[in-house]
Structure formats: C-alpha cells, structure tokens
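Undergrad: Handing you this structure, nothing more for now.
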Amino acid sequence: MTSKFSYQCSDCGLQIPAGEIIYLCPNCSAKQLPDKPPLGVLKVVYDYNLLSNLSFRELEENDFLQLLPLNDRKSFPNLHVGQTPLYEIHSLDGETNDFELYLKDDSQNPTFSFKDRASAVVSAFAKENGIDTIVAASTGNAGSSLAGICAAQGQKAVIFVPATAPKAKLTQIMMYGATLVPVAGNYDKAFDLSIEATKRFGWYNRNTAFNPFTIEGKKTVSFELYSQLKEQIPDYIFVPVGDGVIISGVFKGFEDLLELGIIEKMPVIIAVQAARSSNLADNIGKEEFVSTPSDTIADSISVDIPRNFNMAAGYITKYDGQTITVSDDDILRASLKLAKNTGIFTEPAAAAAFAGFLTYKNRYLIPKGSVSVVLLTGSGLKDLNAVQSLFEIPLPVSADMTSVEKFLKDKI
Ligand SMILES: *Cc1c(COP(=O)(O)O)cnc(C)c1O
C-alpha cells in the first residue's frame with residue numbers, strides 16, 4: 001500500500017517507506033554509543049509536490065490532515081487540543097513595548113501542557129491502526145498528557161516516570177486511570193525500561209525522539225501561529241528546550257510551509273535552556289558531545305543528554321537559529337513578572353522561555369516594530385513547589401475588621 005508519507009533518517013538521510021511501525025533508523029541506531037545523543041531519529045516527510053497546489057486556508061480547513069500521518073479527523077480525542085490563545089502584550093511593568101510581543105499559551109491544553117499536541121497525534125494514529133495500549137517514559141508532562149488523551153480515547157496508557165517527578169504530574173497520571181510505573185532512577189532509566197517493556201508486551205511507544213509522530217503533533221503550533229498572525233512569519237520565536245523535540249516541531253512546521261511554497265523564509269527560532277541544563281546549547285557545533293549533569297528547578301527541561309540533539313542542532317544550524325541560557329534565578333523572576341503582568345502563571349520550563357526573551361531583549365535589543373512570540377508550554381499549577389521561594393503566604397489574620405485594617409496597612 002502506498003502511504004502519503006515516508007520517513008527520512010535525520011542522521012544518514014535514509015528514506016524509509018511507511019509500513020510496519022518503525023521508531024528509529026535501523027542503520028544509525030545500531031551504531032549508538034553510550035552517553036551520546038540518540039542516533040537515527042526519523043523525520044516524517046510528505047509528497048510536497050503533490051500538496052503544493054493547496055493553499056494554506058485549504059490545509060487549515062481540513063485540520064492540516066494532509067500534513068499529518070492520519071486519515072480521519074474523527075481519530076482525534078474529543079478534547080480541545082491545540083488552537084490555544086495567542087495574546088498580544090502591549091506593555092511590561094508599565095512600560096509600553098515598541099515591538100510586538102505575543103504569548104502562545106499552550107498551558108490551555110487539556111492536560112495543561114504543550115505535550116497534548118504530540119499525544120493527540122500518536123493516540124489518533126493508534127486508533128486508526130487498531131492499537132489499544134500506549135506506553136511512554138516521561139519526566140511528568142508527556143506522561144500526564146498521554147494518560148489524559150488515552151482516557152478520552154478509551155485507550156490504555158502505561159507511564160514510566162522517575163519517582164521524583166512533581167506530585168501534581170503524578171497525581172494527574174493516576175486520576176486519568178493510567179498505569180503508573182514510578183522508577184527508582186532518573187528519566188534515562190525510565191526511558192530504557194519503557195522501551196524494553198514495549199518490546200516485551202508488544203505495546204505502542206510514544207517516547208519523545210523515538211516515536212516520529214510526536215514531532216508531527218508538535219509542529220501544529222507553527223501552523224497555528226502563522227494563522228493567528230494573519231499569515232505572517234514572526235521575527236523571533238522563543239522556545240524552551242530540554243530534549244529538543246518541541247523546538248524541532250516548531251522548525252518542522254515552518255519547514256513544511258516552506259516546502260509547500262506557502263512561506264519564503266523561516267523565523268529566527270531561539271532555543272532557551274536553563275544555564276544548569278544547557279547540554280544542547282553547549283554542544284552545538286562541537287566535535288564531540290560532552291554532557292554536564294543537569295540541575296535546574298525547571299524539571300521539564302532538565303536533561304543530561306538531549307534525546308533529539310542531532311535533529312534540533314541540525315535545524316538550528318540550517319535555519320540560523322540561536323541559543324540562549326538563563327539562570328534559575330532569571331527563571332523564577334521571569335515567572336513572577338509574567339504572572340503579574342499578564343495573568344498567565346506558567347511552570348518554570350515555560351517561564352524559562354520568557355526569561356530567554358527578557359535576556360535577549362537586554363543583551364541584543366529586540367528591534368522596534370519586530371514581532372516576537374514566546375512559547376508558554378505548561379501551567380504553573382503543575383509545580384507549585386518551584387515558586388515557593390518567591391514569597392511567603394501570610395499568616396492568618398484575626399477575624400475582625402481592626403486586625404484586617406492593621407494587616408492591610410502598607411499593603412494597598
Ligand atoms: C517537554 C517540555 C519542554 C521541553 O521540550 P523538549 O522537547 O524536551 O525540548 C518545555 N516545557 C514544558 C512545559 C515541557 O513539558
């Protein structure tokens with residue numbers, strides 16, 4: 001059977017026709033070295049020539065199904081995934097911006113993170129192919145996302161996480177009725193075990209930088225941005241980066257539009273990493289990949305070996321992307337500034353993207369009249385512990401007006 005898509009190895013370029021379920025390039029993954037980024041992550045490619053007669057609007061009216069590995073929009077979960085708000089922010093701390101700043105609020109997805117875009121496509125593919133159990137290894141968000149999406153679809157989810165994942169994320173996984181496997185070890189251990197279990201039990205695996213369809217789900221944010229900005233390309237997009245899958249998805253979405261002749265240039269896409277987890281930023285262009293142990297409050301981007309390093313680094317190099325790092329202190333301050341100025345409370349990984357924007361603005365200047373987008377990838381309610389150091393919740397006030405007045409003195 002011919003398929004509308006095929007796979008291309010992001011390392012050796014090998015073309016593989018769609019057919020049996022496949023995860024990595026067989027040639028490259030066989031050469032995998034320990035403690036190095038995974039080899040052979042596959043990219044999904046379409047027959048762009050065939051599709052190039054379609055306008056952006058025609059693609060959009062069909063939910064971009066032509067650019068997804070799916071046949072029927074009814075395969076998607078009956079939840080509001082994607083189509084998240086894009087807010088324009090006119091001023092910060094009382095100062096009017098002389099540039100356009102937009103926040104793409106992906107904490108508004110059903111399980112409160114960007115990961116739902118990937119889970120929805122993987123789950124829909126499983127539905128179209130008669131698969132009923134999906135497994136994922138996760139630091140928290142991918143797992144809680146898959147659990148929620150599977151709950152909506154009547155599918156079974158098995159989630160491997162490091163036992164230290166934030167409680168809200170573990171709670172979500174349990175509430176959605178998934179099977180939670182907390183592993184006494186780090187994310188890499190959970191990842192390896194989930195792959196062994198996939199083979200042992202014949203499940204379908206959603207792991208990021210392993211299942212090629214996660215990037216196909218993640219790229220939908222670029223189509224939305226293009227539509228919400230009235231078919232304009234922003235100048236800058238700030239993306240928080242851990243494994244480098246979201247940012248590859250952002251590149252891939254615009255690259256698809258480029259291949260179709262819908263757009264003529266790429267936006268400048270900026271990878272924002274925590275200074276204490278900067279293994280992607282530090283290793284781009286280096287002869288040999290050397291990992292530094294990560295240690296940041298932004299758990300969703302705390303990564304020792306970015307699993308999608310090769311593809312993300314390739315995109316950043318090819319399309320003149322940039323990297324920037326921000327300290328944990330920058331992240332916390334940006335988180336508070338964002339919440340106070342906009343009413344959007346994000347988890348630290350997402351606040352890192354905003355911190356990246358602020359740092360970039362101070363260091364290089366954001367040109368007058370330019371258009372920037374900051375990708376906010378997860379809700380602040382997912383990790384309340386992370387921001388506790390920013391304030392103290394006041395002690396109770398006696399229940400009488402005199403005490404209240406005294407309490408409010410100097411406060412308002
Ligand atoms: C997963 C995640 C990221 C980072 O995505 P990568 O693909 O690992 O680079 C950023 N923010 C949030 C909230 C996430 O859940």
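Convention: chains lettered A, B, ... in structure tokens order; per-chain residue numbering from 1; ligands numbered from 1 as shown.
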Might you pull out every residue within 7 Å of A:Gln322, with only C-alpha atoms counted and same-chain residues fewer than 3 positions away left off, and present them as an NGL selection string?
TA: :A and (269-271 or 316)
Undergrad: Please identify all polymer residues within 8 Å of stretch 358-374 of chain A, counting only C-alpha atoms, omitting same-chain residues fewer than 4 positions from it, and present them as a tab-separated table (two decimals) with N, CA, C and O atoms, in the first residue's frame.
TA:
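The resulting selection_33.tsv:
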chain	number	residue	atom	x	y	z
A	98	ASP	N	7.84	48.89	22.27
A	98	ASP	CA	7.89	49.45	20.91
A	98	ASP	C	8.08	48.33	19.87
A	98	ASP	O	8.47	48.54	18.75
A	99	PHE	N	7.79	47.09	20.34
A	99	PHE	CA	7.82	45.92	19.46
A	99	PHE	C	6.53	45.16	19.73
A	99	PHE	O	5.81	45.49	20.68
A	100	GLU	N	6.23	44.19	18.87
A	100	GLU	CA	5.04	43.36	19.14
A	100	GLU	C	5.47	42.10	19.87
A	100	GLU	O	6.37	41.39	19.43
A	101	LEU	N	4.81	41.85	21.01
A	101	LEU	CA	5.12	40.66	21.80
A	101	LEU	C	3.86	39.81	21.95
A	101	LEU	O	2.83	40.31	22.39
A	102	TYR	N	3.98	38.55	21.55
A	102	TYR	CA	2.84	37.64	21.66
A	102	TYR	C	3.21	36.45	22.53
A	102	TYR	O	4.33	35.93	22.47
A	103	LEU	N	2.26	36.02	23.33
A	103	LEU	CA	2.45	34.83	24.15
A	103	LEU	C	1.52	33.74	23.64
A	103	LEU	O	0.30	33.94	23.54
A	104	LYS	N	2.10	32.60	23.29
A	104	LYS	CA	1.30	31.46	22.83
A	104	LYS	C	1.08	30.58	24.05
A	104	LYS	O	2.02	29.93	24.54
A	234	PRO	N	6.57	35.47	12.23
A	234	PRO	CA	7.15	36.33	13.27
A	234	PRO	C	8.65	36.47	13.05
A	234	PRO	O	9.25	35.66	12.34
A	235	ASP	N	9.25	37.50	13.65
A	235	ASP	CA	10.70	37.63	13.53
A	235	ASP	C	11.42	36.66	14.45
A	235	ASP	O	12.40	36.05	14.06
A	236	TYR	N	10.92	36.55	15.70
A	236	TYR	CA	11.58	35.69	16.69
A	236	TYR	C	10.56	34.79	17.38
A	236	TYR	O	9.46	35.23	17.69
A	237	ILE	N	10.98	33.53	17.60
A	237	ILE	CA	10.16	32.64	18.43
A	237	ILE	C	11.07	32.06	19.52
A	237	ILE	O	12.11	31.47	19.22
A	238	PHE	N	10.68	32.25	20.78
A	238	PHE	CA	11.47	31.77	21.91
A	238	PHE	C	10.85	30.46	22.41
A	238	PHE	O	9.69	30.42	22.80
A	239	VAL	N	11.66	29.40	22.40
A	239	VAL	CA	11.16	28.06	22.72
A	239	VAL	C	11.99	27.46	23.86
A	239	VAL	O	13.22	27.42	23.77
A	324	ILE	N	20.20	30.51	23.81
A	324	ILE	CA	20.45	31.42	24.92
A	324	ILE	C	20.19	30.65	26.21
A	324	ILE	O	19.35	29.75	26.23
A	326	VAL	N	19.51	30.79	30.56
A	326	VAL	CA	19.01	31.64	31.64
A	326	VAL	C	19.21	30.92	32.98
A	326	VAL	O	19.05	29.70	33.06
A	334	ALA	N	11.34	35.78	36.07
A	334	ALA	CA	10.52	35.90	34.85
A	334	ALA	C	9.13	35.31	35.08
A	334	ALA	O	8.13	35.83	34.59
A	353	ALA	N	11.32	30.31	28.85
A	353	ALA	CA	11.22	30.90	27.51
A	353	ALA	C	11.04	32.41	27.62
A	353	ALA	O	11.64	33.19	26.87
A	354	PHE	N	10.22	32.83	28.59
A	354	PHE	CA	10.01	34.27	28.79
A	354	PHE	C	11.29	34.92	29.32
A	354	PHE	O	11.67	36.01	28.91
Undergrad: Per residue of stretch 321-383 of chain A within 10 Å of stretch 129-143 of chain A, what are the shortest atom pair and its distance in Å to one decimal, counting only C-alpha atoms, with rows by chain and residue number, as CSV?
TA:
residue,atom,partner,partner_atom,distance
A:Thr377,CA,A:Asn141,CA,9.9
A:Gly378,CA,A:Asn141,CA,8.3
A:Lys382,CA,A:Asn141,CA,8.7
Undergrad: Got time to write the residues from that selection, N, CA and C atoms, as a short mmCIF file (atom, residue, chain, number, x, y, z; two decimals), in the first residue's frame?
TA:
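So the final result, stored in result.cif, reads:
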data_model
loop_
_atom_site.label_atom_id
_atom_site.label_comp_id
_atom_site.auth_asym_id
_atom_site.auth_seq_id
_atom_site.Cartn_x
_atom_site.Cartn_y
_atom_site.Cartn_z
N THR A 377 4.73 26.69 27.57
CA THR A 377 4.47 25.27 27.32
C THR A 377 3.75 24.52 28.43
N GLY A 378 3.62 25.12 29.63
CA GLY A 378 2.97 24.35 30.70
C GLY A 378 2.48 25.24 31.83
N LYS A 382 1.25 22.94 37.83
CA LYS A 382 1.90 21.64 37.75
C LYS A 382 3.09 21.52 38.70
#
Undergrad: May I have the residues within 12 Å of A:Thr220 as a PDB file with N, CA and C atoms, in the first residue's frame, using only C-alpha atoms and disregarding those fewer than 5 positions away in the same chain?
TA:
ATOM      1  N   LEU A  59      -5.584  23.865   3.567  1.00  0.00           N
ATOM      2  CA  LEU A  59      -4.972  22.932   4.520  1.00  0.00           C
ATOM      3  C   LEU A  59      -5.604  23.106   5.898  1.00  0.00           C
ATOM      4  N   GLU A  60      -5.776  24.364   6.283  1.00  0.00           N
ATOM      5  CA  GLU A  60      -6.323  24.667   7.611  1.00  0.00           C
ATOM      6  C   GLU A  60      -7.760  24.169   7.743  1.00  0.00           C
ATOM      7  N   ASP A  63      -8.020  20.736   8.921  1.00  0.00           N
ATOM      8  CA  ASP A  63      -7.235  20.466  10.135  1.00  0.00           C
ATOM      9  C   ASP A  63      -5.813  19.979   9.829  1.00  0.00           C
ATOM     10  N   PHE A  64      -5.254  20.401   8.704  1.00  0.00           N
ATOM     11  CA  PHE A  64      -3.881  20.046   8.302  1.00  0.00           C
ATOM     12  C   PHE A  64      -3.683  18.537   8.176  1.00  0.00           C
ATOM     13  N   LEU A  65      -4.778  17.811   7.954  1.00  0.00           N
ATOM     14  CA  LEU A  65      -4.708  16.357   7.857  1.00  0.00           C
ATOM     15  C   LEU A  65      -3.763  15.889   6.751  1.00  0.00           C
ATOM     16  N   LEU A  67      -1.018  17.063   6.135  1.00  0.00           N
ATOM     17  CA  LEU A  67       0.354  17.150   6.642  1.00  0.00           C
ATOM     18  C   LEU A  67       0.515  16.382   7.958  1.00  0.00           C
ATOM     19  N   LEU A  68      -0.363  15.420   8.181  1.00  0.00           N
ATOM     20  CA  LEU A  68      -0.255  14.584   9.381  1.00  0.00           C
ATOM     21  C   LEU A  68      -0.355  13.113   8.957  1.00  0.00           C
ATOM     22  N   VAL A  81      -7.612  20.098  21.953  1.00  0.00           N
ATOM     23  CA  VAL A  81      -6.141  20.086  21.894  1.00  0.00           C
ATOM     24  C   VAL A  81      -5.694  21.135  20.878  1.00  0.00           C
ATOM     25  N   GLY A  82      -4.684  21.921  21.247  1.00  0.00           N
ATOM     26  CA  GLY A  82      -4.186  22.955  20.326  1.00  0.00           C
ATOM     27  C   GLY A  82      -5.182  24.089  20.177  1.00  0.00           C
ATOM     28  N   GLN A  83      -5.036  24.873  19.101  1.00  0.00           N
ATOM     29  CA  GLN A  83      -5.865  26.073  18.922  1.00  0.00           C
ATOM     30  C   GLN A  83      -5.858  26.896  20.208  1.00  0.00           C
ATOM     31  N   THR A  84      -4.677  27.035  20.779  1.00  0.00           N
ATOM     32  CA  THR A  84      -4.530  27.748  22.054  1.00  0.00           C
ATOM     33  C   THR A  84      -4.455  29.252  21.794  1.00  0.00           C
ATOM     34  N   ASP A 106       0.148  27.620  25.623  1.00  0.00           N
ATOM     35  CA  ASP A 106      -0.143  26.193  25.482  1.00  0.00           C
ATOM     36  C   ASP A 106      -0.418  25.495  26.815  1.00  0.00           C
ATOM     37  N   PHE A 114       1.946  21.625  26.538  1.00  0.00           N
ATOM     38  CA  PHE A 114       2.162  21.521  25.091  1.00  0.00           C
ATOM     39  C   PHE A 114       2.145  20.080  24.610  1.00  0.00           C
ATOM     40  N   LYS A 115       2.519  19.138  25.522  1.00  0.00           N
ATOM     41  CA  LYS A 115       2.675  17.731  25.155  1.00  0.00           C
ATOM     42  C   LYS A 115       1.407  17.114  24.564  1.00  0.00           C
ATOM     43  N   ASP A 116       0.236  17.732  24.841  1.00  0.00           N
ATOM     44  CA  ASP A 116      -1.011  17.182  24.310  1.00  0.00           C
ATOM     45  C   ASP A 116      -1.028  17.173  22.780  1.00  0.00           C
ATOM     46  N   ARG A 117      -0.319  18.120  22.176  1.00  0.00           N
ATOM     47  CA  ARG A 117      -0.289  18.146  20.704  1.00  0.00           C
ATOM     48  C   ARG A 117       0.292  16.843  20.164  1.00  0.00           C
ATOM     49  N   ALA A 118       1.357  16.348  20.821  1.00  0.00           N
ATOM     50  CA  ALA A 118       2.007  15.107  20.387  1.00  0.00           C
ATOM     51  C   ALA A 118       1.161  13.898  20.755  1.00  0.00           C
ATOM     52  N   ALA A 120      -1.988  13.653  21.126  1.00  0.00           N
ATOM     53  CA  ALA A 120      -3.206  13.551  20.311  1.00  0.00           C
ATOM     54  C   ALA A 120      -2.913  12.867  18.979  1.00  0.00           C
ATOM     55  N   VAL A 121      -1.793  13.220  18.352  1.00  0.00           N
ATOM     56  CA  VAL A 121      -1.468  12.614  17.051  1.00  0.00           C
ATOM     57  C   VAL A 121      -1.079  11.139  17.220  1.00  0.00           C
ATOM     58  N   PHE A 213       6.104  10.454  15.317  1.00  0.00           N
ATOM     59  CA  PHE A 213       4.875  11.247  15.192  1.00  0.00           C
ATOM     60  C   PHE A 213       4.739  12.327  16.257  1.00  0.00           C
ATOM     61  N   THR A 214       5.556  12.254  17.316  1.00  0.00           N
ATOM     62  CA  THR A 214       5.441  13.324  18.326  1.00  0.00           C
ATOM     63  C   THR A 214       5.780  14.674  17.698  1.00  0.00           C
ATOM     64  N   ILE A 215       6.786  14.686  16.818  1.00  0.00           N
ATOM     65  CA  ILE A 215       7.174  15.948  16.166  1.00  0.00           C
ATOM     66  C   ILE A 215       6.067  16.429  15.240  1.00  0.00           C
ATOM     67  N   LEU A 225       0.368  29.481  14.664  1.00  0.00           N
ATOM     68  CA  LEU A 225       0.988  30.812  14.782  1.00  0.00           C
ATOM     69  C   LEU A 225       0.860  31.571  13.469  1.00  0.00           C
ATOM     70  N   TYR A 226       1.139  30.868  12.391  1.00  0.00           N
ATOM     71  CA  TYR A 226       1.068  31.502  11.072  1.00  0.00           C
ATOM     72  C   TYR A 226      -0.350  32.002  10.804  1.00  0.00           C
ATOM     73  N   SER A 227      -1.313  31.206  11.197  1.00  0.00           N
ATOM     74  CA  SER A 227      -2.712  31.588  11.003  1.00  0.00           C
ATOM     75  C   SER A 227      -3.095  32.746  11.931  1.00  0.00           C
ATOM     76  N   ILE A 246      10.295  19.735  21.053  1.00  0.00           N
ATOM     77  CA  ILE A 246       9.354  20.830  20.766  1.00  0.00           C
ATOM     78  C   ILE A 246       9.969  21.767  19.731  1.00  0.00           C
ATOM     79  N   ILE A 247      11.212  22.165  19.948  1.00  0.00           N
ATOM     80  CA  ILE A 247      11.807  23.133  19.010  1.00  0.00           C
ATOM     81  C   ILE A 247      11.936  22.522  17.611  1.00  0.00           C
ATOM     82  N   SER A 248      12.214  21.225  17.539  1.00  0.00           N
ATOM     83  CA  SER A 248      12.269  20.579  16.213  1.00  0.00           C
ATOM     84  C   SER A 248      10.896  20.594  15.568  1.00  0.00           C
ATOM     85  N   GLY A 249       9.858  20.426  16.389  1.00  0.00           N
ATOM     86  CA  GLY A 249       8.497  20.503  15.880  1.00  0.00           C
ATOM     87  C   GLY A 249       8.188  21.894  15.335  1.00  0.00           C
ATOM     88  N   VAL A 250       8.630  22.929  16.055  1.00  0.00           N
ATOM     89  CA  VAL A 250       8.397  24.309  15.599  1.00  0.00           C
ATOM     90  C   VAL A 250       9.100  24.528  14.252  1.00  0.00           C
ATOM     91  N   PHE A 251      10.358  24.087  14.166  1.00  0.00           N
ATOM     92  CA  PHE A 251      11.090  24.187  12.880  1.00  0.00           C
ATOM     93  C   PHE A 251      10.361  23.399  11.789  1.00  0.00           C
ATOM     94  N   LYS A 252       9.954  22.161  12.131  1.00  0.00           N
ATOM     95  CA  LYS A 252       9.352  21.281  11.126  1.00  0.00           C
ATOM     96  C   LYS A 252       8.070  21.881  10.547  1.00  0.00           C
ATOM     97  N   GLY A 253       7.268  22.513  11.411  1.00  0.00           N
ATOM     98  CA  GLY A 253       6.024  23.116  10.936  1.00  0.00           C
ATOM     99  C   GLY A 253       6.299  24.199   9.905  1.00  0.00           C
ATOM    100  N   PHE A 254       7.248  25.072  10.227  1.00  0.00           N
ATOM    101  CA  PHE A 254       7.571  26.138   9.265  1.00  0.00           C
ATOM    102  C   PHE A 254       8.279  25.560   8.037  1.00  0.00           C
ATOM    103  N   GLU A 255       9.065  24.513   8.241  1.00  0.00           N
ATOM    104  CA  GLU A 255       9.749  23.893   7.104  1.00  0.00           C
ATOM    105  C   GLU A 255       8.736  23.270   6.139  1.00  0.00           C
ATOM    106  N   ASP A 256       7.692  22.645   6.677  1.00  0.00           N
ATOM    107  CA  ASP A 256       6.633  22.106   5.813  1.00  0.00           C
ATOM    108  C   ASP A 256       6.044  23.232   4.959  1.00  0.00           C
ATOM    109  N   LEU A 257       5.784  24.387   5.593  1.00  0.00           N
ATOM    110  CA  LEU A 257       5.197  25.517   4.855  1.00  0.00           C
ATOM    111  C   LEU A 257       6.168  26.052   3.803  1.00  0.00           C
TER     112      LEU A 257
END
Undergrad: Neighbouring residues of stretch 305-307 of chain A were defined as those with any atom within 7 Å, considering only C-alpha atoms; residues of the same chain fewer than 3 positions away were excluded. Please report them as a PyMOL selection string.
TA: chain A and resi 36-38+209+242-244+279-280+291
Undergrad: Pull the strand (DSSP E or B) assignments for stretch 97-291 of chain A out of DSSP run on the backbone, and list those residues as a PyMOL selection string.
TA: chain A and resi 97-105+113+133-137+156-162+179-183+204-205+236-240+268-274+277
Undergrad: Give me the residues within 10 Å of A:Ala386 as a list in words, counting only C-alpha atoms and dropping any in the same chain fewer than 4 places off.
TA: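 Counting only C-alpha atoms, the residues come to Pro166, Ile297, Ala298, Asp299, Leu332, Glu347, Pro348, Gly380, Lys382 and Leu390 of chain A.
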Undergrad: Can you spit out the residues from that selection as a PDB file, in the first residue's frame, using N, CA, C and O atoms?
TA:
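Heads up, here's the output in again.pdb:
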ATOM      1  N   PRO A 166       7.332  15.872  39.833  1.00  0.00           N
ATOM      2  CA  PRO A 166       6.438  16.668  40.683  1.00  0.00           C
ATOM      3  C   PRO A 166       5.102  15.966  40.930  1.00  0.00           C
ATOM      4  O   PRO A 166       4.557  15.290  40.056  1.00  0.00           O
ATOM      5  N   ILE A 297      15.680  24.039  38.552  1.00  0.00           N
ATOM      6  CA  ILE A 297      14.320  23.921  39.085  1.00  0.00           C
ATOM      7  C   ILE A 297      13.305  23.645  37.969  1.00  0.00           C
ATOM      8  O   ILE A 297      12.200  23.216  38.243  1.00  0.00           O
ATOM      9  N   ALA A 298      13.705  23.910  36.723  1.00  0.00           N
ATOM     10  CA  ALA A 298      12.773  23.709  35.605  1.00  0.00           C
ATOM     11  C   ALA A 298      12.809  22.248  35.185  1.00  0.00           C
ATOM     12  O   ALA A 298      13.489  21.868  34.233  1.00  0.00           O
ATOM     13  N   ASP A 299      12.077  21.397  35.911  1.00  0.00           N
ATOM     14  CA  ASP A 299      12.212  19.943  35.734  1.00  0.00           C
ATOM     15  C   ASP A 299      11.908  19.480  34.302  1.00  0.00           C
ATOM     16  O   ASP A 299      12.498  18.532  33.819  1.00  0.00           O
ATOM     17  N   LEU A 332      12.863  32.180  37.809  1.00  0.00           N
ATOM     18  CA  LEU A 332      11.902  32.493  38.871  1.00  0.00           C
ATOM     19  C   LEU A 332      11.396  33.919  38.751  1.00  0.00           C
ATOM     20  O   LEU A 332      10.201  34.184  38.874  1.00  0.00           O
ATOM     21  N   GLU A 347       4.635  27.010  34.456  1.00  0.00           N
ATOM     22  CA  GLU A 347       5.647  26.239  35.193  1.00  0.00           C
ATOM     23  C   GLU A 347       7.038  26.759  34.792  1.00  0.00           C
ATOM     24  O   GLU A 347       7.195  27.443  33.763  1.00  0.00           O
ATOM     25  N   PRO A 348       8.057  26.455  35.608  1.00  0.00           N
ATOM     26  CA  PRO A 348       9.386  27.049  35.364  1.00  0.00           C
ATOM     27  C   PRO A 348       9.925  26.844  33.938  1.00  0.00           C
ATOM     28  O   PRO A 348      10.520  27.772  33.370  1.00  0.00           O
ATOM     29  N   GLY A 380       1.554  26.679  35.607  1.00  0.00           N
ATOM     30  CA  GLY A 380       2.222  26.837  36.894  1.00  0.00           C
ATOM     31  C   GLY A 380       1.665  25.936  37.982  1.00  0.00           C
ATOM     32  O   GLY A 380       2.357  25.634  38.960  1.00  0.00           O
ATOM     33  N   LYS A 382       1.250  22.942  37.831  1.00  0.00           N
ATOM     34  CA  LYS A 382       1.898  21.639  37.751  1.00  0.00           C
ATOM     35  C   LYS A 382       3.088  21.520  38.698  1.00  0.00           C
ATOM     36  O   LYS A 382       3.570  20.424  38.953  1.00  0.00           O
ATOM     37  N   LEU A 390       9.624  32.459  46.240  1.00  0.00           N
ATOM     38  CA  LEU A 390       9.395  33.840  45.794  1.00  0.00           C
ATOM     39  C   LEU A 390       8.601  34.673  46.793  1.00  0.00           C
ATOM     40  O   LEU A 390       8.597  35.895  46.721  1.00  0.00           O
TER      41      LEU A 390
END
Undergrad: I'd like the neighbourhood of stretch 122-124 of chain A as a PyMOL selection string, where a residue qualifies if any of its atoms comes within 7 Å (using only C-alpha atoms), though same-chain residues fewer than 3 positions away should be ignored.
TA: chain A and resi 75-76+118-119+127-128+150+206+213-214
Undergrad: To one decimal in Å, tell me the separation between atom CA of A:Glu287 and atom CA of A:Phe357.
TA: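 Between atom CA of A:Glu287 and atom CA of A:Phe357 the gap works out to 28.9 Å.
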Undergrad: Let me make sure I understand: among A:Pro69, A:Gly314, A:Pro394, A:Pro182, which one has the smallest atom-to-atom distance to A:Asp11 if we use only C-alpha atoms?
TA: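 Under the stated criterion, the closest residue is A:Gly314.
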Undergrad: Which distance in Å separates atom CA of A:Glu88 and atom CA of A:Glu61, to one decimal?
TA: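 Distance between the two atoms: 24.6 Å.
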Undergrad: Mind the document's chain letters and residue numbers, and return as a count of residues only the residues of stretch 182-380 of chain A that DSSP labels alpha helix (DSSP H).
TA: 92
Undergrad: Tell me which protein, DNA and RNA residues are within 10 Å of A:Gln15, counting only C-alpha atoms, leaving out same-chain ones fewer than 4 positions away, and put them as JSON, numbers by chain.
TA: {"A": [6, 7, 8, 9, 10, 25, 42, 43, 44, 45]}
Undergrad: What is the atom CA of A:Ser3 to atom CA of A:Gly154 distance in Å?
TA: 26.5 Å
Undergrad: Pick out the closest residue to ligand 1 from this set: A:Ile262, A:Leu229, A:Leu146, A:Ala190. Count only C-alpha atoms and all ligand atoms.
TA: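 The shortest atom-to-atom distance to ligand 1 comes from A:Leu146.
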Undergrad: Nearest residue to ligand 1 out of A:Asn71, A:Thr208, A:Ser403, A:Asn97, using only C-alpha atoms and all ligand atoms?
TA: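 The closest residue to ligand 1 is A:Thr208.
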Undergrad: Using only C-alpha atoms and all ligand atoms, which of the listed residues (A:Asn78, A:Ser29, A:Ser379, A:Gln388) sits closest to ligand 1?
TA: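 Looking only at the distances to ligand 1, the closest residue turns out to be A:Ser379.
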